[in-house]
$ cat target.txt   # compact mmCIF, C-alpha atoms and all ligand atoms
# COMPACT_ATOMS: atom_id res chain seq x y z
CA MET H 168 7.22 -29.42 55.18
CA GLN H 169 7.95 -30.48 51.64
CA ASP H 170 8.85 -34.13 51.14
CA GLU H 171 12.52 -34.45 50.22
CA LYS H 172 11.58 -36.64 47.29
CA PHE H 173 8.90 -34.23 46.06
CA LYS H 174 9.42 -33.69 42.33
CA PRO H 175 7.43 -30.68 41.14
CA GLY H 176 7.38 -31.78 37.50
CA GLU H 177 6.68 -35.49 38.05
CA GLY H 178 5.34 -37.07 34.86
CA LEU H 179 4.82 -33.80 32.99
CA HIS H 180 5.43 -32.92 29.35
CA LEU H 181 7.23 -29.59 29.32
CA ALA H 182 7.74 -27.79 26.00
CA ILE H 183 9.98 -24.75 25.62
CA ILE H 184 10.29 -22.24 22.80
CA MET H 185 13.90 -21.22 23.30
CA ASP H 186 13.85 -17.64 22.06
CA GLY H 187 16.06 -14.58 22.48
CA ASN H 188 19.55 -15.74 21.53
CA GLY H 189 19.95 -12.94 18.99
CA ARG H 190 18.84 -10.21 21.39
CA TRP H 191 21.09 -11.60 24.12
CA ALA H 192 24.07 -11.23 21.77
CA LYS H 193 23.01 -7.84 20.42
CA ARG H 194 22.83 -6.39 23.93
CA ARG H 195 26.46 -7.36 24.35
CA GLY H 196 27.59 -6.09 20.97
CA LEU H 197 28.24 -9.67 19.85
CA PRO H 198 27.20 -11.45 16.65
CA ARG H 199 23.95 -13.43 16.80
CA THR H 200 25.91 -16.66 16.52
CA ALA H 201 27.49 -15.93 19.93
CA GLY H 202 23.96 -15.97 21.34
CA HIS H 203 23.32 -19.38 19.83
CA ARG H 204 26.55 -20.75 21.33
CA GLU H 205 25.54 -19.46 24.74
CA GLY H 206 22.07 -20.88 24.15
CA ALA H 207 23.56 -24.36 23.79
CA LYS H 208 24.82 -24.08 27.39
CA ALA H 209 21.32 -23.15 28.53
CA VAL H 210 20.02 -26.31 26.84
CA ARG H 211 22.37 -28.42 28.93
CA ARG H 212 21.34 -26.66 32.18
CA THR H 213 17.67 -27.01 31.32
CA VAL H 214 17.87 -30.71 30.48
CA GLU H 215 19.56 -31.38 33.82
CA ALA H 216 17.01 -29.25 35.67
CA ALA H 217 14.12 -31.02 33.96
CA ALA H 218 15.52 -34.43 34.90
CA ASP H 219 15.98 -33.26 38.51
CA CYS H 220 12.40 -31.98 38.64
CA GLY H 221 10.96 -35.31 37.47
CA ILE H 222 9.77 -34.05 34.05
CA GLU H 223 8.90 -37.04 31.85
CA THR H 224 9.04 -35.43 28.40
CA LEU H 225 10.94 -32.27 27.46
CA SER H 226 10.38 -30.83 23.96
CA LEU H 227 12.80 -28.05 23.01
CA TYR H 228 12.18 -25.93 19.92
CA ALA H 229 15.66 -25.50 18.45
CA PHE H 230 15.06 -24.70 14.77
CA SER H 231 11.77 -24.07 13.04
CA SER H 232 11.13 -24.86 9.39
CA ASP H 233 10.74 -21.10 8.92
CA ASN H 234 14.22 -20.51 10.35
CA TRP H 235 15.71 -21.63 7.01
CA GLN H 236 14.94 -18.07 5.94
CA ARG H 237 17.74 -16.75 8.16
CA PRO H 238 21.12 -15.78 6.65
CA PRO H 239 23.10 -18.84 5.46
CA GLU H 240 25.96 -18.19 7.94
CA GLU H 241 23.55 -18.21 10.88
CA VAL H 242 21.87 -21.39 9.65
CA ALA H 243 25.28 -23.04 9.14
CA THR H 244 26.35 -22.16 12.70
CA LEU H 245 23.12 -23.57 14.12
CA MET H 246 23.52 -26.82 12.18
CA GLN H 247 27.11 -27.12 13.41
CA LEU H 248 25.97 -26.55 16.97
CA PHE H 249 23.33 -29.28 16.70
CA GLU H 250 25.88 -31.73 15.35
CA ARG H 251 28.35 -30.87 18.09
CA TYR H 252 25.65 -31.06 20.73
CA LEU H 253 24.63 -34.55 19.61
CA GLY H 254 28.26 -35.68 19.66
CA THR H 255 29.10 -34.32 23.11
CA GLU H 256 25.78 -34.82 24.88
CA ALA H 257 24.96 -38.41 23.95
CA ALA H 258 27.32 -39.80 26.60
CA ARG H 259 25.95 -37.40 29.23
CA CYS H 260 22.42 -38.44 28.30
CA VAL H 261 23.27 -42.13 28.70
CA LYS H 262 24.74 -41.38 32.14
CA HIS H 263 21.60 -39.57 33.27
CA GLY H 264 19.08 -41.95 31.69
CA VAL H 265 17.97 -39.40 29.09
CA ARG H 266 16.54 -40.69 25.83
CA LEU H 267 17.47 -38.20 23.13
CA ASN H 268 15.19 -37.86 20.14
CA VAL H 269 15.17 -35.31 17.33
CA ILE H 270 11.72 -34.43 16.04
CA GLY H 271 10.90 -32.72 12.77
CA ARG H 272 11.84 -33.25 9.15
CA ARG H 273 15.05 -35.02 8.25
CA ASP H 274 14.91 -34.85 4.46
CA ARG H 275 16.37 -31.32 4.36
CA LEU H 276 19.18 -31.87 6.87
CA ARG H 277 22.65 -32.64 5.61
CA PRO H 278 23.50 -36.37 5.70
CA ARG H 279 26.22 -35.89 8.34
CA LEU H 280 23.72 -34.37 10.71
CA VAL H 281 21.18 -37.11 10.03
CA ARG H 282 23.84 -39.71 10.83
CA ALA H 283 24.71 -37.87 14.06
CA ILE H 284 21.02 -37.85 15.01
CA GLU H 285 20.63 -41.55 14.34
CA LYS H 286 23.79 -42.35 16.30
CA ALA H 287 22.72 -40.28 19.32
CA GLU H 288 19.22 -41.75 19.25
CA ALA H 289 20.56 -45.30 19.10
CA ALA H 290 23.09 -44.65 21.88
CA THR H 291 20.46 -43.22 24.25
CA ALA H 292 17.54 -45.51 23.32
CA GLN H 293 17.58 -47.28 26.70
CA GLY H 294 17.15 -44.04 28.68
CA SER H 295 13.98 -44.08 30.75
CA ALA H 296 14.32 -41.10 33.11
CA LEU H 297 13.55 -38.32 30.62
CA HIS H 298 12.44 -38.26 26.98
CA LEU H 299 14.24 -35.29 25.46
CA ARG H 300 12.83 -34.19 22.11
CA LEU H 301 14.90 -31.65 20.23
CA ALA H 302 12.83 -30.04 17.47
CA VAL H 303 14.93 -29.35 14.35
CA ASP H 304 13.38 -28.33 11.02
CA TYR H 305 10.10 -28.61 12.84
CA SER H 306 6.78 -27.18 11.68
CA SER H 307 3.61 -28.19 13.46
CA ARG H 308 1.49 -27.39 10.40
CA HIS H 309 3.73 -29.55 8.23
CA ALA H 310 3.51 -32.35 10.83
CA ILE H 311 -0.29 -32.14 10.91
CA ALA H 312 -0.47 -32.25 7.11
CA ALA H 313 1.98 -35.20 7.04
CA ALA H 314 -0.05 -37.09 9.65
CA ALA H 315 -3.27 -36.42 7.73
CA SER H 316 -1.71 -37.78 4.56
CA MET H 317 -0.97 -41.09 6.33
CA PHE H 318 -4.66 -41.93 6.41
CA ARG H 319 -5.93 -44.30 3.82
CA PRO H 320 -9.60 -43.44 3.46
CA PRO H 321 -12.23 -44.33 4.32
CA GLY H 322 -12.32 -44.60 8.09
CA ALA H 323 -13.35 -42.76 11.17
CA VAL H 324 -10.43 -40.91 12.72
CA THR H 325 -10.32 -40.33 16.44
CA ALA H 326 -8.22 -37.67 18.12
CA GLU H 327 -6.16 -40.45 19.75
CA MET H 328 -5.43 -42.10 16.41
CA PHE H 329 -4.44 -38.76 14.95
CA SER H 330 -2.11 -37.99 17.87
CA GLU H 331 -0.39 -41.31 17.26
CA LEU H 332 0.13 -40.51 13.57
CA LEU H 333 1.36 -37.05 14.41
CA ASN H 334 4.02 -38.51 16.68
CA ARG H 335 5.02 -40.85 13.87
CA ALA H 336 5.11 -37.99 11.35
CA VAL H 337 7.76 -36.15 13.38
CA ASN H 338 9.81 -39.26 14.34
CA SER H 339 8.88 -39.04 18.01
CA ASP H 340 10.09 -42.27 19.54
CA PRO H 341 8.42 -43.05 21.85
CA ALA H 342 5.21 -41.15 21.16
CA ALA H 343 4.83 -38.16 23.49
CA PRO H 344 1.65 -37.20 25.35
CA ASP H 345 -0.01 -33.77 25.05
CA VAL H 346 1.94 -30.83 26.41
CA ASP H 347 1.14 -29.87 30.02
CA LEU H 348 3.22 -26.72 30.26
CA LEU H 349 4.67 -24.56 27.51
CA ILE H 350 7.27 -21.90 28.27
CA ARG H 351 8.43 -19.26 25.80
CA THR H 352 11.41 -17.11 26.68
CA SER H 353 12.31 -13.57 25.56
CA GLY H 354 8.90 -11.98 26.15
CA GLU H 355 7.29 -13.01 22.85
CA GLN H 356 3.79 -14.43 23.24
CA ARG H 357 3.15 -16.68 20.27
CA LEU H 358 3.56 -20.34 19.32
CA SER H 359 5.48 -19.84 16.05
CA ASP H 360 4.22 -23.17 14.64
CA PHE H 361 5.28 -25.33 17.63
CA LEU H 362 3.16 -28.30 18.80
CA LEU H 363 -0.16 -26.69 17.83
CA TRP H 364 -2.21 -29.87 18.23
CA GLU H 365 -0.36 -31.11 21.32
CA CYS H 366 -0.80 -27.79 23.17
CA ALA H 367 -4.62 -27.92 23.06
CA TYR H 368 -4.81 -27.70 26.89
CA ALA H 369 -1.25 -26.68 27.74
CA GLU H 370 -0.70 -24.04 30.38
CA LEU H 371 1.30 -21.20 28.85
CA VAL H 372 4.07 -19.33 30.65
CA PHE H 373 5.81 -16.39 29.00
CA THR H 374 8.97 -15.08 30.57
CA PRO H 375 11.08 -12.05 29.62
CA CYS H 376 14.23 -14.08 30.35
CA LEU H 377 16.34 -14.45 27.20
CA TRP H 378 17.17 -18.07 26.38
CA PRO H 379 20.94 -17.90 27.13
CA ASP H 380 20.07 -16.74 30.68
CA PHE H 381 17.63 -19.62 31.26
CA GLY H 382 18.33 -22.46 33.68
CA LYS H 383 17.23 -24.40 36.75
CA GLN H 384 15.81 -21.40 38.60
CA GLN H 385 13.55 -20.48 35.67
CA VAL H 386 12.37 -24.10 35.28
CA GLU H 387 11.45 -24.20 38.96
CA GLU H 388 9.67 -20.83 38.79
CA ALA H 389 7.59 -21.95 35.81
CA LEU H 390 6.68 -25.21 37.56
CA HIS H 391 5.60 -23.19 40.60
CA VAL H 392 3.32 -21.05 38.40
CA PHE H 393 1.99 -24.25 36.77
CA GLN H 394 1.09 -25.70 40.15
CA GLN H 395 -1.02 -22.62 40.96
CA ARG H 396 -3.03 -22.98 37.76
CA GLU H 397 -6.38 -24.70 37.74
CA ARG H 398 -6.65 -27.04 34.76
CA ARG H 399 -10.25 -27.62 33.79
CA PHE H 400 -10.20 -29.33 30.37
CA GLY H 401 -13.65 -27.93 29.68
CA ALA H 402 -15.22 -29.41 32.84
CA LEU H 403 -15.93 -27.66 36.12
CA PRO H 404 -13.27 -27.25 38.81
CA ASP H 405 -13.02 -30.43 40.93
CA ALA H 406 -14.97 -29.02 43.92
CA GLU H 407 -17.93 -27.92 41.81
CA GLN H 408 -17.89 -31.18 39.85
CA VAL H 409 -18.22 -33.13 43.11
CA ALA H 410 -20.98 -30.81 44.38
CA SER H 411 -23.03 -31.48 41.28
CA GLU H 412 -22.68 -35.28 41.53
CA GLY H 413 -25.98 -37.01 41.66
CA LEU H 414 -27.47 -34.80 39.01
CA GLU H 415 -28.37 -36.73 35.95
CA ALA H 416 -25.67 -36.62 33.31
CA VAL H 417 -26.67 -35.09 30.00
CA GLY H 418 -24.92 -36.39 26.79
CA PRO H 419 -22.88 -36.94 24.78
C1 LIG M 501 16.09 -18.47 19.20
O1 LIG M 501 16.68 -17.22 19.27
C2 LIG M 501 16.92 -19.46 18.41
C3 LIG M 501 16.37 -19.78 17.09
C4 LIG M 501 15.23 -19.37 16.61
C5 LIG M 501 17.15 -20.65 16.25
P1 LIG M 501 16.55 -16.16 18.10
O2 LIG M 501 17.67 -16.37 17.15
O3 LIG M 501 15.19 -16.19 17.50
O4 LIG M 501 16.77 -14.81 18.91
P2 LIG M 501 16.00 -13.44 18.73
O5 LIG M 501 14.53 -13.72 18.75
O6 LIG M 501 16.43 -12.87 17.40
O7 LIG M 501 16.46 -12.61 19.88
C1 LIG M 502 10.72 -19.78 17.11
O1 LIG M 502 11.47 -18.62 17.31
C2 LIG M 502 11.62 -20.89 16.72
C3 LIG M 502 12.58 -21.33 17.74
C4 LIG M 502 12.68 -20.87 18.94
C5 LIG M 502 13.44 -22.39 17.34
P1 LIG M 502 11.57 -17.49 16.17
O2 LIG M 502 12.39 -16.41 16.75
O3 LIG M 502 12.01 -18.09 14.89
O4 LIG M 502 10.04 -17.06 16.01
P2 LIG M 502 9.39 -15.72 15.49
O5 LIG M 502 9.94 -15.45 14.13
O6 LIG M 502 9.79 -14.63 16.44
O7 LIG M 502 7.91 -15.97 15.52
MG MG M 503 13.45 -15.25 17.92

$ encode --input "target.txt" --output "structure tokens"
Amino acid sequence: MQDEKFKPGEGLHLAIIMDGNGRWAKRRGLPRTAGHREGAKAVRRTVEAAADCGIETLSLYAFSSDNWQRPPEEVATLMQLFERYLGTEAARCVKHGVRLNVIGRRDRLRPRLVRAIEKAEAATAQGSALHLRLAVDYSSRHAIAAAASMFRPPGAVTAEMFSELLNRAVNSDPAAPDVDLLIRTSGEQRLSDFLLWECAYAELVFTPCLWPDFGKQQVEEALHVFQQRERRFGALPDAEQVASEGLEAVGP
């Protein structure tokens, strides 16, 4: 029998590409912005589910740097929703021990939104149950280039050092570990410039569920799939690794 305290996502970094708001609305004959509003409710459900499942870091892709190409009215609605979300959710986050952090560029956000981000981050800074990273004006390629430009040559750069700089480049506070599990909703199977470096060994789960329909059940299903996966990180599966013990190791 499963232990009552068993938390299927204990200590994991879960990243989600929240896709399908527009299609959700279109199917109902509604404007795309209605899909985004409904999507905000799914964010709340998912954050609560992640905390319940013991997830340590949750990175949600809310607005990519390429999303600035969308019509100005849609962009304006999304920015309003972020601001409102930060205002209403900060107190909930404090209550549930969630540390809220917005990752991505801030230099192109309007000052009011930047102030709302800083306020929410300061208010939730003591949260230790879940590190929630909301990606806004985020581009992984831009982040990688920004991290690379932080180096003052010469010097040998390790992957660990680079990861640290990458976290700094996107304002991740605290720094987040590599992604364990990445979910993308709406049936699309691509990364769309999200956490390219951090997903080096992430397990990928693609679900047809549109983002506004996403919630606790879908989080649990994805964690179940994750638990069935065998992560190898380039080595042999555990059993075979043990069987070959005693053989002389060959470099590096
Ligand atoms: C995801 O839903 C939200 C954002 C990218 C901001 P979409 O708006 O991309 O919805 P679809 O893909 O058009 O259905
Ligand atoms: C990726 O979704 C960005 C977010 C979910 C915030 P898009 O809908 O913008 O990605 P593409 O254009 O289908 O690749
Ligand atoms: Mg989309």

$ residues_around --input "target.txt" --residues "stretch 259-267 of chain H" --least-positions-apart "6" --cutoff "6 Å" --atoms "all atoms listed in the file" --output "mmCIF file with C-alpha atoms, keeping the file's coordinate frame"
data_model
loop_
_atom_site.group_PDB
_atom_site.id
_atom_site.type_symbol
_atom_site.label_atom_id
_atom_site.label_comp_id
_atom_site.auth_asym_id
_atom_site.auth_seq_id
_atom_site.Cartn_x
_atom_site.Cartn_y
_atom_site.Cartn_z
ATOM 1 C CA GLU H 288 19.220 -41.750 19.250
ATOM 2 C CA THR H 291 20.460 -43.220 24.250
ATOM 3 C CA ALA H 292 17.540 -45.510 23.320
ATOM 4 C CA GLY H 294 17.150 -44.040 28.680
ATOM 5 C CA SER H 295 13.980 -44.080 30.750
ATOM 6 C CA ALA H 296 14.320 -41.100 33.110
ATOM 7 C CA LEU H 297 13.550 -38.320 30.620
ATOM 8 C CA HIS H 298 12.440 -38.260 26.980
ATOM 9 C CA LEU H 299 14.240 -35.290 25.460
#

$ residues_around --input "target.txt" --residues "H:Ala182" --least-positions-apart "6" --cutoff "7 Å" --atoms "all atoms listed in the file" --output "tab-separated table (two decimals) with C-alpha atoms, in the frame of the given file"
chain	number	residue	atom	x	y	z
H	225	LEU	CA	10.94	-32.27	27.46
H	226	SER	CA	10.38	-30.83	23.96
H	227	LEU	CA	12.80	-28.05	23.01
H	346	VAL	CA	1.94	-30.83	26.41
H	348	LEU	CA	3.22	-26.72	30.26
H	349	LEU	CA	4.67	-24.56	27.51
H	350	ILE	CA	7.27	-21.90	28.27

$ residues_near_ligand --input "target.txt" --ligand "ligand MG 503 (chain M)" --cutoff "8 Å" --atoms "all atoms listed in the file" --output "VMD selection string"
chain H and resid 186 to 189 353

$ residues_around --input "target.txt" --residues "H:Ala336" --least-positions-apart "5" --cutoff "9 Å" --atoms "all atoms listed in the file" --output "ChimeraX atom specification"
/H:270-272,310-311,313-314,317,331

$ residues_near_ligand --input "target.txt" --ligand "ligand LIG 502 (chain M)" --cutoff "7 Å" --atoms "only C-alpha atoms and all ligand atoms" --output "tab-separated table (two decimals) with C-alpha atoms, keeping the file's coordinate frame"
chain	number	residue	atom	x	y	z
H	184	ILE	CA	10.29	-22.24	22.80
H	185	MET	CA	13.90	-21.22	23.30
H	186	ASP	CA	13.85	-17.64	22.06
H	228	TYR	CA	12.18	-25.93	19.92
H	229	ALA	CA	15.66	-25.50	18.45
H	230	PHE	CA	15.06	-24.70	14.77
H	231	SER	CA	11.77	-24.07	13.04
H	233	ASP	CA	10.74	-21.10	8.92
H	234	ASN	CA	14.22	-20.51	10.35
H	357	ARG	CA	3.15	-16.68	20.27
H	359	SER	CA	5.48	-19.84	16.05

$ atom_distance --input "target.txt" --atom1 "atom CA of H:Glu215" --atom2 "atom CA of H:Thr374"
19.7 Å

$ axis_aligned_box --input "target.txt" --around "ligand LIG 501 (chain M)" --padding-each-side "5 Å" --output "AutoDock Vina command-line options"
--center_x 16.1 --center_y -16.6 --center_z 18.1 --size_x 13.1 --size_y 18.0 --size_z 13.6

$ atom_distance --input "target.txt" --atom1 "atom CA of H:Ala209" --atom2 "atom CA of H:Lys383"
9.3 Å

$ residues_around --input "target.txt" --residues "H:Arg251" --least-positions-apart "4" --cutoff "12 Å" --atoms "only C-alpha atoms" --output "list in words"
Arg204, Ala207, Thr244, Leu245, Met246, Gln247, Thr255, Glu256, Ala257, Arg279, Leu280, Ala283, Ile284 and Ala287 of chain H

$ atom_distance --input "target.txt" --atom1 "atom CA of H:Leu301" --atom2 "atom CA of H:Arg396"
26.5 Å

$ closest_residue --input "target.txt" --among "H:Ala406, H:Cys376, H:Val281, H:Ala258" --to "ligand LIG 501 (chain M)" --atoms "only C-alpha atoms and all ligand atoms"
H:Cys376

$ closest_residue --input "target.txt" --among "H:Ala326, H:Leu179, H:Leu276, H:Val269" --to "H:Ala217" --atoms "all atoms listed in the file"
H:Leu179

$ residues_around --input "target.txt" --residues "H:Ser339" --least-positions-apart "3" --cutoff "7 Å" --atoms "all atoms listed in the file" --output "PDB file with C-alpha atoms, keeping the file's coordinate frame"
ATOM      1  CA  ASN H 268      15.190 -37.860  20.140  1.00  0.00           C
ATOM      2  CA  ILE H 270      11.720 -34.430  16.040  1.00  0.00           C
ATOM      3  CA  ASN H 334       4.020 -38.510  16.680  1.00  0.00           C
ATOM      4  CA  ARG H 335       5.020 -40.850  13.870  1.00  0.00           C
ATOM      5  CA  ALA H 342       5.210 -41.150  21.160  1.00  0.00           C
ATOM      6  CA  ALA H 343       4.830 -38.160  23.490  1.00  0.00           C
TER       7      ALA H 343
END

$ closest_residue --input "target.txt" --among "H:Glu223, H:Glu177, H:Glu205, H:Asp347" --to "H:Phe381" --atoms "all atoms listed in the file"
H:Glu205

$ closest_residue --input "target.txt" --among "H:Thr224, H:Gln236, H:Gln394, H:Gln293" --to "ligand LIG 501 (chain M)" --atoms "all atoms listed in the file"
H:Gln236

$ closest_residue --input "target.txt" --among "H:Glu370, H:Asp274, H:Glu355, H:Glu397" --to "ligand LIG 501 (chain M)" --atoms "only C-alpha atoms and all ligand atoms"
H:Glu355

$ closest_residue --input "target.txt" --among "H:Phe249, H:Leu181, H:His391, H:Arg351" --to "H:Trp378" --atoms "all atoms listed in the file"
H:Arg351
